[in-house]
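Here's the structure we're looking at; comments come further down.
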Amino acid sequence: MTDRAAVKAALKTQAVETPSWAYGNSGTRFKVFTQAGVPRDPWEKLQDAAKVHEFTGVAPTVALHIPWDRVDGHDGYAELAKYAEERGLRLGAINANTFQDDDYRLGSICHPDAAVRRKALDHLLECVDIMDATGSRDLKLWFADGTNYPGQDDIRERQDRLAEGLAEVYGRLGEGQRMLLEYKLFEPAFYTTDVPDWGTAYAHCLKLGPKARVVVDTGHHAPGTNIEFIVATLLREGRLGGFDFNSRFYADDDLMVGAADPFQLFRIMCEVVHGGGFTSEVAFMLDQCHNIEAKIPAIIRSVMNVQEATAKALSVDREALAEAQVCGDVLGANGVLMDAYGTDVRPVLREVREEMGLDPEPLAAYARSGWGRRIVAERVGGRQAGWGA
Ligand code: LRH
Ligand code: MN
Ligand code: MN
């Protein structure tokens with residue numbers, strides 16, 4: 001039996017970080033569909049994020065992407081942090097961006113030219129300065145670095161450049177700050193990618209030290225990859241820094257988390273809960289783009305999807321599972337897990353919200369609030385999230 005009160009108490013402590021870029025216009029490389037009312041600057045992104053938190057109660061932090069969310073000077077970032085705080089939010093991970101400059105055609109911190117590497121490193125160091133101003137804990141690094149053709153560059157030397165660059169940034173981290181290293185199988189590079197998998201990210205993190213952790217973006221694996229196994233392993237090693245949650249059907253689709261494969265999300269959350277990862281040590285971030293759907297409701301839905309998977313994972317009857325496992329009861333053990341997955345957790349989540357003083361139905365409450373209509377009327381000329389901007 002699982003303890004319903006304990007499940008509810010755990011759910012109330014959940015924190016899902018929303019990404020600033022999900023609030024802006026986005027699209028594919030074929031077309032960006034602009035939506036009326038989207039934020040025109042980081043301040044307005046925070047206004048929208050505050051709505052997501054207001055109606056879900058579990059989205060208190062917002063990740064920034066630099067330069068998409070650039071504001072003027074150290075004071076500008078401190079002001080942005082204050083603006084967030086006034087709305088019940090905090091600024092979360094600072095995402096670096098070394099993938100949208102012409103100089104990065106052959107890579108950023110793995111580039112063969114030391115001058116380009118320096119430029120990329122200076123950007124990463126600037127991101128740590130921003131963390132100092134915003135009070136953010138995590139620097140999230142994803143590199144588009146790689147090669148398109150065999151022989152194009154030396155695989156090993158690129159790893160050496162990567163290690164050297166990461167070490168410099170790691171050395172700049174302050175007390176309580178962390179570096180989260182994100183891997184991705186391919187894209188934009190199509191032959192080699194310099195951080196293609198969790199093993200490469202983990203190897204670099206191990207050399208760097210305890211402040212370096214791996215980020216698992218759920219859309220960054222080959223089809224069929226057992227992501228929950230990776231999660232279990234990284235948790236065992238104390239190196240799971242967080243998630244970039246999203247859904248994929250094909251590649252890095254960046255669809256709403258829990259939309260394509262809610263069962264996979266449940267299996268991942270089972271490993272998180274079982275592995276002691278349901279703590280602030282693991283950052284639960286969304287990394288999504290809402291290309292055709294309304295953005296704020298899509299983000300609310302995504303937060304709810306994470307909550308539902310978590311509630312199911314928390315409901316696994318661990319004692320019964322352990323007993324079935326030790327007896328070699330294959331079907332019994334599987335049945336315990338499937339019982340939790342099959343549980344309708346929406347009633348318990350409604351109760352949790354009511355006990356938190358929230359409307360039990362966040363999407364309906366948001367629709368009634370009129371915020372969507374208000375921003376359409378008030379914000380004219382919303383900007384693209386950053387992709388191609
Ligand atoms: C790369 C990625 C990475 C970026 C984000 C916008 O595909 O997942 O996290 O920062 O997309
Ligand atoms: Mn990501
Ligand atoms: Mn991605």
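Chain labels A, B, ... are given in the sequence in which chains occur in the structure tokens; within each chain residues are numbered consecutively from 1, and ligands are likewise numbered from 1 in the order shown.
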
With a distance cut-off of 7 Å and only C-alpha atoms, select the neighbouring residues of Thr147 of chain A, excluding the residue or stretch itself and same-chain residues fewer than 5 positions from it, and output the selection as a PyMOL selection string. chain A and resi 152-153+189-193

Just C-alpha atoms for this one: save the residues we selected as a compact mmCIF listing (two decimals), in the first residue's frame.
# COMPACT_ATOMS: atom_id res chain seq x y z
CA GLN A 152 36.90 17.12 -41.25
CA ASP A 153 38.61 17.56 -37.88
CA ALA A 189 26.28 18.34 -36.83
CA PHE A 190 25.56 15.16 -38.74
CA TYR A 191 28.74 13.08 -38.54
CA THR A 192 30.30 13.62 -35.12
CA THR A 193 28.94 15.62 -32.24

Sort by chain and increasing residue number a table of all residues of chain A within 8 Å of ligand 2, each with its closest pair of atoms and their distance in Å to one decimal, counting only C-alpha atoms and all ligand atoms, and write it as JSON lines.
{"residue": "A:Trp142", "atom": "CA", "partner": "ligand 2", "partner_atom_place_in_ligand_line": "1 (Mn)", "distance": 7.3}
{"residue": "A:Glu182", "atom": "CA", "partner": "ligand 2", "partner_atom_place_in_ligand_line": "1 (Mn)", "distance": 7.0}
{"residue": "A:Val216", "atom": "CA", "partner": "ligand 2", "partner_atom_place_in_ligand_line": "1 (Mn)", "distance": 7.9}
{"residue": "A:Asp217", "atom": "CA", "partner": "ligand 2", "partner_atom_place_in_ligand_line": "1 (Mn)", "distance": 5.1}
{"residue": "A:Gly219", "atom": "CA", "partner": "ligand 2", "partner_atom_place_in_ligand_line": "1 (Mn)", "distance": 7.7}
{"residue": "A:His220", "atom": "CA", "partner": "ligand 2", "partner_atom_place_in_ligand_line": "1 (Mn)", "distance": 7.8}
{"residue": "A:Asp244", "atom": "CA", "partner": "ligand 2", "partner_atom_place_in_ligand_line": "1 (Mn)", "distance": 5.1}
{"residue": "A:Phe245", "atom": "CA", "partner": "ligand 2", "partner_atom_place_in_ligand_line": "1 (Mn)", "distance": 7.7}
{"residue": "A:Asp287", "atom": "CA", "partner": "ligand 2", "partner_atom_place_in_ligand_line": "1 (Mn)", "distance": 5.3}

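Those residues that approach Leu180 of chain A to within 10 Å, counting only C-alpha atoms, are Ala93, Ile94, Asn95, Asp138, Leu139, Lys140, Leu141, Trp142, Gln177, Arg178, Glu182, Tyr183, Ala201, Cys205, Lys211, Ala212, Arg213, Val214, Val215, Val216, Arg239, Leu240, Gly241, Gly242, Phe243 and Ala283 of chain A; same-chain residues fewer than 2 positions away are not listed.
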
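Comparing the minimum interatomic distances between ligand 1 and each of A:Cys289, A:Cys270, A:Val169, A:Ala222, counting only C-alpha atoms and all ligand atoms, we find that A:Cys289 sits nearest.
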
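These are the residues of segment 183-288 of chain A assigned strand (DSSP E) by DSSP from backbone coordinates: Thr192, Thr193, Ala212, Arg213, Val214, Val215, Val216, Asp217, Leu240, Gly241, Gly242, Phe243, Asp244, Phe245, Ala283, Phe284, Met285 and Leu286 of chain A.
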
Might you pull out every residue within 9 Å of Ala50 of chain A, with only C-alpha atoms counted and same-chain residues fewer than 2 positions away left off, and present them as number ranges by chain? A: 45-48, 52-55, 59-60, 84, 87-89
